[in-house]
file upload_8.cif (mmCIF, C-alpha atoms)
data_start
#
loop_
_atom_site.label_atom_id
_atom_site.label_comp_id
_atom_site.auth_asym_id
_atom_site.auth_seq_id
_atom_site.Cartn_x
_atom_site.Cartn_y
_atom_site.Cartn_z
CA MET A 713 -35.07 5.11 -12.04
CA SER A 714 -32.46 6.14 -9.46
CA THR A 715 -28.89 6.72 -10.51
CA LEU A 716 -25.42 6.22 -9.07
CA GLU A 717 -22.76 8.90 -9.11
CA VAL A 718 -19.58 7.12 -10.16
CA SER A 719 -16.05 8.56 -10.26
CA VAL A 720 -13.65 6.44 -12.28
CA TRP A 721 -9.86 6.80 -12.52
CA ARG A 722 -8.70 7.76 -16.02
CA GLY A 723 -5.09 7.79 -17.13
CA GLY A 724 -1.96 6.05 -15.89
CA GLU A 725 0.12 6.78 -12.80
CA SER A 726 -1.01 10.39 -13.19
CA GLY A 727 -4.55 11.09 -14.21
CA HIS A 728 -7.88 12.19 -12.81
CA PHE A 729 -11.26 10.89 -11.73
CA GLN A 730 -14.01 11.20 -14.33
CA ASP A 731 -17.65 11.37 -13.23
CA PHE A 732 -20.41 9.24 -14.73
CA GLU A 733 -24.09 8.70 -13.97
CA VAL A 734 -25.10 5.05 -14.05
CA PRO A 735 -28.62 3.63 -13.62
CA ARG A 736 -29.04 1.92 -10.24
CA LEU A 737 -30.28 -1.64 -10.73
CA GLU A 738 -31.28 -4.38 -8.34
CA SER A 739 -28.50 -6.86 -7.37
CA GLN A 740 -26.02 -4.69 -9.28
CA THR A 741 -22.32 -5.41 -8.76
CA VAL A 742 -19.47 -2.90 -9.04
CA LEU A 743 -18.27 -4.81 -12.12
CA ASP A 744 -21.74 -4.29 -13.65
CA VAL A 745 -21.31 -0.56 -13.11
CA VAL A 746 -17.88 -0.48 -14.79
CA THR A 747 -19.18 -2.62 -17.67
CA HIS A 748 -22.15 -0.25 -18.14
CA ILE A 749 -19.80 2.72 -18.38
CA GLN A 750 -17.57 1.03 -20.95
CA ARG A 751 -20.40 -0.32 -23.11
CA ARG A 752 -22.84 2.60 -22.94
CA LEU A 753 -20.98 5.75 -21.93
CA ASP A 754 -17.29 5.62 -22.83
CA PRO A 755 -15.84 2.69 -24.81
CA THR A 756 -12.27 3.93 -24.21
CA LEU A 757 -12.43 2.89 -20.53
CA SER A 758 -9.98 0.06 -19.81
CA TYR A 759 -10.59 -2.52 -17.12
CA ARG A 760 -9.90 -6.20 -16.60
CA PHE A 761 -12.26 -9.08 -15.85
CA SER A 762 -12.83 -12.65 -16.90
CA CYS A 763 -15.03 -15.12 -15.05
CA ARG A 764 -17.49 -12.71 -13.32
CA VAL A 765 -18.15 -15.31 -10.60
CA GLY A 766 -15.25 -14.90 -8.18
CA MET A 767 -12.96 -17.59 -9.49
CA CYS A 768 -10.33 -15.96 -11.67
CA GLY A 769 -9.11 -13.03 -9.57
CA SER A 770 -8.93 -10.61 -12.52
CA CYS A 771 -11.35 -7.84 -11.58
CA ALA A 772 -9.95 -6.44 -8.32
CA MET A 773 -10.09 -2.64 -8.08
CA THR A 774 -10.08 0.01 -5.38
CA VAL A 775 -13.70 0.77 -4.54
CA ASN A 776 -14.44 3.69 -2.23
CA GLY A 777 -10.88 3.48 -0.89
CA LYS A 778 -10.67 -0.27 -0.33
CA ALA A 779 -9.41 -3.04 -2.59
CA ARG A 780 -12.21 -5.44 -3.52
CA TRP A 781 -13.15 -8.08 -6.09
CA THR A 782 -15.68 -6.13 -8.09
CA CYS A 783 -17.61 -9.03 -9.64
CA ARG A 784 -18.89 -10.16 -6.26
CA THR A 785 -19.15 -6.80 -4.55
CA HIS A 786 -22.74 -5.61 -4.59
CA VAL A 787 -23.22 -1.88 -5.01
CA SER A 788 -25.64 -1.97 -2.06
CA THR A 789 -22.81 -2.99 0.30
CA VAL A 790 -20.38 -0.21 -0.68
CA ALA A 791 -22.38 2.78 -1.96
CA GLU A 792 -24.47 3.78 1.05
CA SER A 793 -24.68 7.39 -0.17
CA GLY A 794 -25.26 6.47 -3.81
CA LYS A 795 -21.67 7.34 -4.73
CA LEU A 796 -18.86 5.13 -5.96
CA GLU A 797 -15.20 5.97 -6.47
CA ILE A 798 -13.46 3.30 -8.51
CA GLY A 799 -9.69 3.26 -9.06
CA PRO A 800 -6.93 0.80 -9.92
CA LEU A 801 -5.30 -1.38 -7.24
CA SER A 802 -2.69 0.32 -5.04
CA ASN A 803 0.94 -0.82 -4.77
CA LEU A 804 1.05 -1.82 -8.47
CA PRO A 805 1.97 0.19 -11.57
CA VAL A 806 -1.07 1.54 -13.41
CA VAL A 807 -1.19 0.56 -17.10
CA LYS A 808 -4.31 2.52 -17.98
CA ASP A 809 -7.51 3.50 -16.15
CA LEU A 810 -8.46 0.53 -13.94
CA VAL A 811 -5.83 -1.87 -15.27
CA THR A 812 -2.68 -2.45 -13.22
CA ASP A 813 0.47 -4.28 -14.23
CA MET A 814 0.33 -7.49 -12.16
CA ALA A 815 3.89 -8.54 -13.09
CA PRO A 816 5.54 -7.31 -9.84
CA PHE A 817 2.88 -9.18 -7.87
CA PHE A 818 3.44 -12.52 -9.61
CA ASP A 819 7.21 -12.01 -9.85
CA LYS A 820 7.20 -12.11 -6.06
CA TRP A 821 5.41 -15.47 -6.09
CA ALA A 822 8.36 -16.75 -8.12
CA GLN A 823 10.88 -15.07 -5.77
CA ALA A 824 9.15 -16.79 -2.83
CA LYS A 825 9.72 -20.15 -4.59
CA GLY A 826 5.99 -20.47 -5.09
CA GLU A 827 6.29 -23.38 -7.52
CA PHE A 828 5.91 -27.00 -6.47
CA ARG A 829 9.03 -29.14 -6.77
CA GLY A 830 8.40 -32.85 -6.53
CA SER A 831 10.76 -35.77 -6.74
CA ARG A 832 8.52 -38.40 -8.33
CA THR A 833 8.27 -39.23 -12.00
CA ARG A 834 5.39 -40.58 -14.05
CA HIS A 835 6.76 -44.05 -13.38
CA ASP A 836 6.28 -43.73 -9.62
CA ASP A 837 3.06 -44.42 -7.79
CA PHE A 838 0.82 -41.59 -6.53
CA ALA A 839 1.88 -39.88 -3.32
CA VAL A 840 -0.61 -40.48 -0.53
CA VAL A 841 -1.45 -37.34 1.45
CA LYS A 842 -4.09 -38.06 4.06
CA PRO A 843 -6.62 -35.23 4.53
CA GLU A 844 -6.65 -35.59 8.31
CA THR A 845 -2.92 -34.91 8.78
CA LEU A 846 -1.98 -31.55 10.33
CA SER A 847 0.23 -30.50 7.43
CA ARG A 848 -2.56 -31.14 4.91
CA LYS A 849 -5.09 -29.25 7.07
CA LEU A 850 -2.74 -26.25 7.13
CA VAL A 851 -2.49 -26.42 3.34
CA ASP A 852 -6.29 -26.62 3.03
CA GLU A 853 -6.73 -23.46 5.10
CA ALA A 854 -4.56 -21.41 2.74
CA ILE A 855 -4.82 -23.05 -0.69
CA GLU A 856 -7.92 -21.32 -2.13
CA CYS A 857 -6.10 -18.11 -3.12
CA ILE A 858 -7.26 -16.84 -6.53
CA GLY A 859 -4.36 -14.39 -6.96
CA CYS A 860 -6.58 -11.31 -7.16
CA GLY A 861 -4.01 -9.00 -5.53
CA VAL A 862 -6.46 -7.49 -3.01
CA CYS A 863 -4.19 -8.38 -0.07
CA TYR A 864 -1.07 -7.06 -1.80
CA SER A 865 -2.82 -3.82 -2.67
CA SER A 866 -4.09 -3.42 0.91
CA CYS A 867 -0.77 -4.11 2.64
CA ASP A 868 0.89 -1.06 4.22
CA VAL A 869 4.22 -2.88 4.50
CA VAL A 870 4.30 -3.32 0.70
CA SER A 871 3.77 0.42 0.28
CA TRP A 872 6.54 1.22 2.79
CA LYS A 873 8.94 -1.46 1.62
CA PRO A 874 8.48 -2.21 -2.10
CA GLU A 875 10.79 -5.25 -2.01
CA TYR A 876 8.55 -7.00 0.56
CA LEU A 877 7.18 -10.22 -0.95
CA GLY A 878 3.67 -9.50 0.32
CA PRO A 879 0.84 -11.58 1.76
CA ALA A 880 -0.16 -13.61 -1.30
CA ALA A 881 3.33 -14.85 -2.21
CA LEU A 882 4.07 -15.76 1.40
CA ASN A 883 0.70 -17.48 1.76
CA ARG A 884 1.56 -19.52 -1.33
CA ALA A 885 4.96 -20.40 0.14
CA TRP A 886 3.23 -21.56 3.35
CA THR A 887 1.08 -24.03 1.38
CA LEU A 888 4.26 -25.49 -0.13
CA VAL A 889 6.17 -25.54 3.17
CA ASN A 890 3.38 -27.81 4.41
CA ASP A 891 3.33 -29.93 1.26
CA VAL A 892 4.98 -33.20 2.28
CA ARG A 893 5.79 -34.03 -1.37
CA ASP A 894 7.80 -30.88 -2.03
CA VAL A 895 11.59 -31.20 -2.07
CA GLY A 896 12.53 -27.52 -2.44
CA GLN A 897 12.06 -26.55 1.20
CA GLN A 898 15.61 -25.45 2.03
CA GLU A 899 15.78 -23.04 -0.88
CA ARG A 900 12.26 -21.76 -0.16
CA LEU A 901 12.98 -20.97 3.50
CA GLY A 902 16.01 -18.96 2.42
CA ALA A 903 13.86 -17.07 -0.10
CA ILE A 904 11.08 -16.11 2.30
CA ALA A 905 13.16 -15.25 5.41
CA GLY A 906 14.35 -11.86 6.53
CA ASP A 907 13.66 -8.17 6.01
CA ALA A 908 11.97 -8.53 2.62
CA GLY A 909 10.24 -11.77 3.58
CA CYS A 910 7.92 -12.96 6.31
CA HIS A 911 9.76 -11.08 9.07
CA ALA A 912 8.74 -7.73 7.57
CA CYS A 913 5.05 -8.41 8.37
CA HIS A 914 3.69 -6.16 11.12
CA THR A 915 0.64 -8.36 11.72
CA GLN A 916 -1.70 -5.48 10.91
CA MET A 917 -4.02 -8.06 9.31
CA THR A 918 -5.45 -5.83 6.57
CA CYS A 919 -4.78 -8.67 4.13
CA THR A 920 -6.84 -11.03 6.24
CA GLU A 921 -9.64 -8.49 6.68
CA ARG A 922 -9.90 -7.77 2.95
CA CYS A 923 -9.27 -11.23 1.45
CA PRO A 924 -12.42 -12.00 -0.57
CA LYS A 925 -11.85 -15.73 -0.06
CA PHE A 926 -11.66 -15.28 3.73
CA LEU A 927 -8.13 -16.67 3.89
CA SER A 928 -5.69 -15.53 6.56
CA PRO A 929 -2.32 -14.67 5.01
CA THR A 930 -1.42 -13.27 8.44
CA LYS A 931 -1.70 -16.75 9.94
CA SER A 932 0.33 -18.24 7.11
CA ILE A 933 3.06 -15.62 7.60
CA ALA A 934 3.11 -16.30 11.36
CA GLY A 935 3.59 -19.98 10.55
CA LEU A 936 6.48 -19.14 8.23
CA LYS A 937 8.11 -17.03 10.95
CA ARG A 938 8.04 -20.03 13.31
CA VAL A 939 9.40 -22.48 10.74
CA VAL A 940 12.15 -20.09 9.63
CA LEU A 941 13.18 -19.31 13.22
CA THR A 942 13.45 -23.00 14.01
CA ALA A 943 15.62 -23.50 10.92
CA ALA A 944 17.79 -20.48 11.79
CA LEU A 945 18.37 -21.70 15.36
CA LYS A 946 19.35 -25.12 14.05
CA GLY A 947 21.71 -23.48 11.56
CA ASN A 948 19.72 -24.75 8.58
CA LEU A 949 19.08 -21.40 6.92
CA MET B 599 19.48 -13.66 5.92
CA ARG B 600 20.03 -15.73 9.06
CA ALA B 601 21.21 -12.57 10.85
CA GLN B 602 17.94 -10.80 9.98
CA VAL B 603 15.95 -13.71 11.37
CA LEU B 604 17.99 -13.72 14.58
CA LEU B 605 17.52 -9.94 14.94
CA TRP B 606 13.79 -10.50 14.65
CA ALA B 607 13.94 -13.23 17.29
CA ALA B 608 16.05 -11.02 19.58
CA GLN B 609 13.49 -8.26 19.33
CA ARG B 610 10.65 -10.64 20.26
CA ALA B 611 12.61 -12.12 23.16
CA SER B 612 13.61 -8.67 24.49
CA ALA B 613 9.98 -7.54 24.16
CA ALA B 614 8.91 -10.39 26.44
CA ILE B 615 11.51 -9.31 29.03
CA LEU B 616 10.49 -5.66 28.70
CA ALA B 617 6.81 -6.47 29.26
CA VAL B 618 7.69 -7.77 32.75
CA CYS B 619 10.37 -5.16 33.48
CA VAL B 620 8.20 -2.16 32.57
CA LEU B 621 5.39 -3.47 34.77
CA VAL B 622 7.68 -3.97 37.79
CA HIS B 623 9.31 -0.59 37.13
CA LEU B 624 5.95 1.26 37.04
CA VAL B 625 4.67 -0.47 40.18
CA THR B 626 7.92 0.44 41.93
CA ILE B 627 7.59 4.10 40.92
CA VAL B 628 3.97 4.28 42.12
CA TYR B 629 4.94 2.58 45.40
CA ALA B 630 7.84 4.97 46.00
CA VAL B 631 5.80 8.09 45.19
CA ARG B 632 2.69 7.11 47.17
CA ASN B 633 4.77 6.37 50.24
CA GLY B 634 6.58 9.67 49.87
CA LEU B 635 10.08 8.19 49.87
CA THR B 636 12.90 10.73 49.57
CA ALA B 637 15.82 10.25 47.20
CA SER B 638 18.10 9.24 50.03
CA GLU B 639 15.55 6.69 51.31
CA ILE B 640 15.32 5.19 47.81
CA LEU B 641 19.13 5.08 47.49
CA ALA B 642 19.32 3.38 50.88
CA ARG B 643 17.14 0.60 49.52
CA THR B 644 18.92 0.25 46.16
CA SER B 645 22.56 0.61 47.26
CA GLY B 646 24.23 -2.76 47.33
CA SER B 647 21.01 -4.58 46.41
CA VAL B 648 21.75 -7.61 44.29
CA PHE B 649 18.09 -7.81 43.21
CA TRP B 650 17.81 -4.22 41.95
CA THR B 651 21.22 -4.43 40.30
CA ALA B 652 20.26 -7.57 38.42
CA PHE B 653 16.78 -6.30 37.60
CA TYR B 654 17.80 -2.94 36.17
CA ALA B 655 20.89 -4.36 34.42
CA LEU B 656 18.58 -6.80 32.63
CA PHE B 657 16.07 -4.01 31.91
CA VAL B 658 18.79 -1.88 30.28
CA ALA B 659 20.10 -4.84 28.27
CA ALA B 660 16.60 -5.55 26.94
CA VAL B 661 16.14 -1.88 25.96
CA ALA B 662 19.54 -1.79 24.24
CA VAL B 663 18.58 -4.84 22.17
CA HIS B 664 14.94 -3.98 21.51
CA ALA B 665 15.01 -0.28 20.61
CA PRO B 666 17.68 -0.29 17.86
CA ILE B 667 16.12 -3.27 16.07
CA GLY B 668 12.71 -1.59 16.11
CA LEU B 669 14.13 1.76 15.04
CA ARG B 670 16.02 0.01 12.25
CA ASN B 671 12.67 -1.14 10.82
CA VAL B 672 11.04 2.25 11.27
CA LEU B 673 13.92 4.05 9.50
CA ALA B 674 14.01 1.49 6.69
CA GLU B 675 10.27 1.74 6.09
CA THR B 676 9.86 5.49 6.58
CA PHE B 677 13.02 6.90 4.98
CA ALA B 678 14.15 3.92 2.84
CA TRP B 679 17.44 3.94 4.77
CA ARG B 680 19.08 0.55 4.23
CA GLY B 681 22.50 -1.05 4.26
CA ARG B 682 25.67 -0.85 6.30
CA SER B 683 25.28 2.79 7.37
CA LEU B 684 21.95 1.93 9.00
CA GLU B 685 23.40 -1.17 10.69
CA ALA B 686 26.34 0.86 12.00
CA ALA B 687 24.11 3.65 13.30
CA MET B 688 21.86 1.16 15.10
CA LEU B 689 24.84 -0.65 16.61
CA LEU B 690 26.08 2.70 17.91
CA LEU B 691 22.63 3.43 19.37
CA ALA B 692 22.68 0.04 21.11
CA PHE B 693 26.04 0.87 22.73
CA VAL B 694 24.85 4.36 23.76
CA LEU B 695 21.69 2.92 25.36
CA ALA B 696 23.60 0.15 27.13
CA PHE B 697 26.37 2.45 28.36
CA GLY B 698 24.02 5.22 29.51
CA GLY B 699 21.61 2.78 31.09
CA TRP B 700 24.18 0.73 32.98
CA ARG B 701 25.90 3.90 34.15
CA ALA B 702 22.59 5.06 35.64
CA VAL B 703 22.07 1.64 37.26
CA TYR B 704 25.56 1.82 38.75
CA ALA B 705 24.76 5.26 40.19
CA VAL B 706 21.83 3.96 42.23
CA VAL B 707 23.18 0.56 43.28
CA ALA B 708 26.84 1.44 44.04
CA VAL B 709 27.64 1.23 47.75
#

call {"tool": "encode", "arguments": {"input": "upload_8.cif", "output": "structure tokens"}}
result
Amino acid sequence: MSTLEVSVWRGGESGHFQDFEVPRLESQTVLDVVTHIQRRLDPTLSYRFSCRVGMCGSCAMTVNGKARWTCRTHVSTVAESGKLEIGPLSNLPVVKDLVTDMAPFFDKWAQAKGEFRGSRTRHDDFAVVKPETLSRKLVDEAIECIGCGVCYSSCDVVSWKPEYLGPAALNRAWTLVNDVRDVGQQERLGAIAGDAGCHACHTQMTCTERCPKFLSPTKSIAGLKRVVLTAALKGNL
Amino acid sequence: MRAQVLLWAAQRASAAILAVCVLVHLVTIVYAVRNGLTASEILARTSGSVFWTAFYALFVAAVAVHAPIGLRNVLAETFAWRGRSLEAAMLLLAFVLAFGGWRAVYAVVAV
């Protein structure tokens, strides 16, 4: 049986890579490799996962230098030379080994006013949002984010400017800006504008290239820039 | 916040102007060099020219707007320099670029 040479980050912000040999199996995912290490070789290894099928966004790690969802990343696509280097996500504090503290990531969703604010009560009728309207189509393009943090970890602007809201939070804001039911638009535009908001994006598109759900946060951010500029020129910001 | 958005818009707008200005400027340089024009021949063409005065005055204005806003981002991202000192330094740079640039334009278009 062939084996994989796997280097895994151990420790917190400071630490080292520890080498393991893992049996190479058919259709093996990177998450399978990490699970093998924890269950068979070193039970003290910490990592995070939940659904294993690409729905929950828990298992993102840095694999051979790039942020990926590990449950749906086949070893065959990333370990051409039979070697894997697995570390925690960049741009987030490391708790231990492969586990990062996701709080700064989700705090920025809140800062970007990423929560829906409606005006109807349970006594009102359902809002009708037709699927063929432009605003709903724009929402559909961006809504499938699973919050894995791959885009945030891959974004150079986040690493240069830690207060930058990042691709995922801004993508979320874009889905709400296009939600015709939402009544918190004014406050949201104020929250996502400016040097720490959508205008910090350099359109490098790493987020779009790495998004495992094939979303385009870059496009969402470009849309926000247009909407915010229009509001600023009208004096509504 | 609104000021930051307007700075961003000003940088985009000045970039659009610069794209045209740089192209015209480069073509003009190549034309002048290939035809072997002397300095005095060039000055004879630019002196008193309303077109070249307007063109290079606009070019300098676009540079004076575009460069400090871009540098402001670079300094903020590379050296974490933020706040009023950065804004003041970039405003000063804008004045230096505008003054130096327009002075040079005046030198070649003055009759």

call {"tool": "resolve_selection", "arguments": {"input": "upload_8.cif", "expression": "the PyMOL selection byres ((chain A) within 8 of (chain B))", "output": "PyMOL selection string"}}
result
chain A and resi 869+872-873+902+905-907+911+940-941+944+949

call {"tool": "write_last_selection", "arguments": {"input": "upload_8.cif", "atoms": "C-alpha atoms", "output": "mmCIF file, in the frame of the given file"}}
result
data_model
loop_
_atom_site.group_PDB
_atom_site.id
_atom_site.type_symbol
_atom_site.label_atom_id
_atom_site.label_comp_id
_atom_site.auth_asym_id
_atom_site.auth_seq_id
_atom_site.Cartn_x
_atom_site.Cartn_y
_atom_site.Cartn_z
ATOM 1 C CA VAL A 869 4.220 -2.880 4.500
ATOM 2 C CA TRP A 872 6.540 1.220 2.790
ATOM 3 C CA LYS A 873 8.940 -1.460 1.620
ATOM 4 C CA GLY A 902 16.010 -18.960 2.420
ATOM 5 C CA ALA A 905 13.160 -15.250 5.410
ATOM 6 C CA GLY A 906 14.350 -11.860 6.530
ATOM 7 C CA ASP A 907 13.660 -8.170 6.010
ATOM 8 C CA HIS A 911 9.760 -11.080 9.070
ATOM 9 C CA VAL A 940 12.150 -20.090 9.630
ATOM 10 C CA LEU A 941 13.180 -19.310 13.220
ATOM 11 C CA ALA A 944 17.790 -20.480 11.790
ATOM 12 C CA LEU A 949 19.080 -21.400 6.920
#

call {"tool": "residues_around", "arguments": {"input": "upload_8.cif", "residues": "stretch 846-849 of chain A", "least_positions_apart": "5", "cutoff": "9 Å", "atoms": "all atoms listed in the file", "output": "VMD selection string"}}
result
chain A and resid 841 854 887 889 to 892

call {"tool": "resolve_selection", "arguments": {"input": "upload_8.cif", "expression": "the PyMOL selection byres ((chain A and resi 747) around 12)", "output": "PDB file with C-alpha atoms, in the frame of the given file"}}
result
ATOM      1  CA  VAL A 720     -13.650   6.440 -12.280  1.00  0.00           C
ATOM      2  CA  VAL A 734     -25.100   5.050 -14.050  1.00  0.00           C
ATOM      3  CA  GLN A 740     -26.020  -4.690  -9.280  1.00  0.00           C
ATOM      4  CA  THR A 741     -22.320  -5.410  -8.760  1.00  0.00           C
ATOM      5  CA  VAL A 742     -19.470  -2.900  -9.040  1.00  0.00           C
ATOM      6  CA  LEU A 743     -18.270  -4.810 -12.120  1.00  0.00           C
ATOM      7  CA  ASP A 744     -21.740  -4.290 -13.650  1.00  0.00           C
ATOM      8  CA  VAL A 745     -21.310  -0.560 -13.110  1.00  0.00           C
ATOM      9  CA  VAL A 746     -17.880  -0.480 -14.790  1.00  0.00           C
ATOM     10  CA  HIS A 748     -22.150  -0.250 -18.140  1.00  0.00           C
ATOM     11  CA  ILE A 749     -19.800   2.720 -18.380  1.00  0.00           C
ATOM     12  CA  GLN A 750     -17.570   1.030 -20.950  1.00  0.00           C
ATOM     13  CA  ARG A 751     -20.400  -0.320 -23.110  1.00  0.00           C
ATOM     14  CA  ARG A 752     -22.840   2.600 -22.940  1.00  0.00           C
ATOM     15  CA  LEU A 753     -20.980   5.750 -21.930  1.00  0.00           C
ATOM     16  CA  ASP A 754     -17.290   5.620 -22.830  1.00  0.00           C
ATOM     17  CA  PRO A 755     -15.840   2.690 -24.810  1.00  0.00           C
ATOM     18  CA  THR A 756     -12.270   3.930 -24.210  1.00  0.00           C
ATOM     19  CA  LEU A 757     -12.430   2.890 -20.530  1.00  0.00           C
ATOM     20  CA  SER A 758      -9.980   0.060 -19.810  1.00  0.00           C
ATOM     21  CA  TYR A 759     -10.590  -2.520 -17.120  1.00  0.00           C
ATOM     22  CA  ARG A 760      -9.900  -6.200 -16.600  1.00  0.00           C
ATOM     23  CA  PHE A 761     -12.260  -9.080 -15.850  1.00  0.00           C
ATOM     24  CA  SER A 762     -12.830 -12.650 -16.900  1.00  0.00           C
ATOM     25  CA  ARG A 764     -17.490 -12.710 -13.320  1.00  0.00           C
ATOM     26  CA  CYS A 771     -11.350  -7.840 -11.580  1.00  0.00           C
ATOM     27  CA  THR A 782     -15.680  -6.130  -8.090  1.00  0.00           C
ATOM     28  CA  CYS A 783     -17.610  -9.030  -9.640  1.00  0.00           C
ATOM     29  CA  LEU A 810      -8.460   0.530 -13.940  1.00  0.00           C
TER      30      LEU A 810
END

call {"tool": "resolve_selection", "arguments": {"input": "upload_8.cif", "expression": "the PyMOL selection byres ((chain B and resi 658-660) around 10)", "output": "PyMOL selection string"}}
result
chain B and resi 608-609+611-616+619+653-657+661-665+692-693+695-703

call {"tool": "residues_around", "arguments": {"input": "upload_8.cif", "residues": "A:Glu733", "least_positions_apart": "4", "cutoff": "10 Å", "atoms": "all atoms listed in the file", "output": "MDAnalysis selection string"}}
result
chainID A and resid 714:719 745 749 753 795

call {"tool": "write_last_selection", "arguments": {"input": "upload_8.cif", "atoms": "C-alpha atoms", "output": "CSV table (one decimal), keeping the file's coordinate frame"}}
result
chain,number,residue,atom,x,y,z
A,714,SER,CA,-32.5,6.1,-9.5
A,715,THR,CA,-28.9,6.7,-10.5
A,716,LEU,CA,-25.4,6.2,-9.1
A,717,GLU,CA,-22.8,8.9,-9.1
A,718,VAL,CA,-19.6,7.1,-10.2
A,719,SER,CA,-16.0,8.6,-10.3
A,745,VAL,CA,-21.3,-0.6,-13.1
A,749,ILE,CA,-19.8,2.7,-18.4
A,753,LEU,CA,-21.0,5.8,-21.9
A,795,LYS,CA,-21.7,7.3,-4.7

call {"tool": "closest_residue", "arguments": {"input": "upload_8.cif", "among": "B:Ala708, B:Met688, B:Ile667, B:Leu624", "to": "B:Ala642", "atoms": "all atoms listed in the file"}}
result
B:Ala708

call {"tool": "atom_distance", "arguments": {"input": "upload_8.cif", "atom1": "atom CA of A:Gly861", "atom2": "atom CA of A:Thr812"}}
result
10.2 Å

call {"tool": "closest_residue", "arguments": {"input": "upload_8.cif", "among": "A:Leu801, A:Gln897, A:Asp819, A:Gly766", "to": "A:Val939", "atoms": "only C-alpha atoms"}}
result
A:Gln897

call {"tool": "atom_distance", "arguments": {"input": "upload_8.cif", "atom1": "atom CA of A:Phe732", "atom2": "atom CA of A:Ala791"}}
result
14.4 Å

call {"tool": "residues_around", "arguments": {"input": "upload_8.cif", "residues": "B:Ser645", "least_positions_apart": "3", "cutoff": "9 Å", "atoms": "all atoms listed in the file", "output": "mmCIF file with C-alpha atoms, in the coordinates of the input"}}
result
data_model
loop_
_atom_site.group_PDB
_atom_site.id
_atom_site.type_symbol
_atom_site.label_atom_id
_atom_site.label_comp_id
_atom_site.auth_asym_id
_atom_site.auth_seq_id
_atom_site.Cartn_x
_atom_site.Cartn_y
_atom_site.Cartn_z
ATOM 1 C CA ILE B 640 15.320 5.190 47.810
ATOM 2 C CA LEU B 641 19.130 5.080 47.490
ATOM 3 C CA ALA B 642 19.320 3.380 50.880
ATOM 4 C CA VAL B 648 21.750 -7.610 44.290
ATOM 5 C CA TRP B 650 17.810 -4.220 41.950
ATOM 6 C CA THR B 651 21.220 -4.430 40.300
ATOM 7 C CA ALA B 705 24.760 5.260 40.190
ATOM 8 C CA VAL B 706 21.830 3.960 42.230
ATOM 9 C CA VAL B 707 23.180 0.560 43.280
ATOM 10 C CA ALA B 708 26.840 1.440 44.040
ATOM 11 C CA VAL B 709 27.640 1.230 47.750
#

call {"tool": "atom_distance", "arguments": {"input": "upload_8.cif", "atom1": "atom CA of A:Leu804", "atom2": "atom CA of A:Trp821"}}
result
14.5 Å
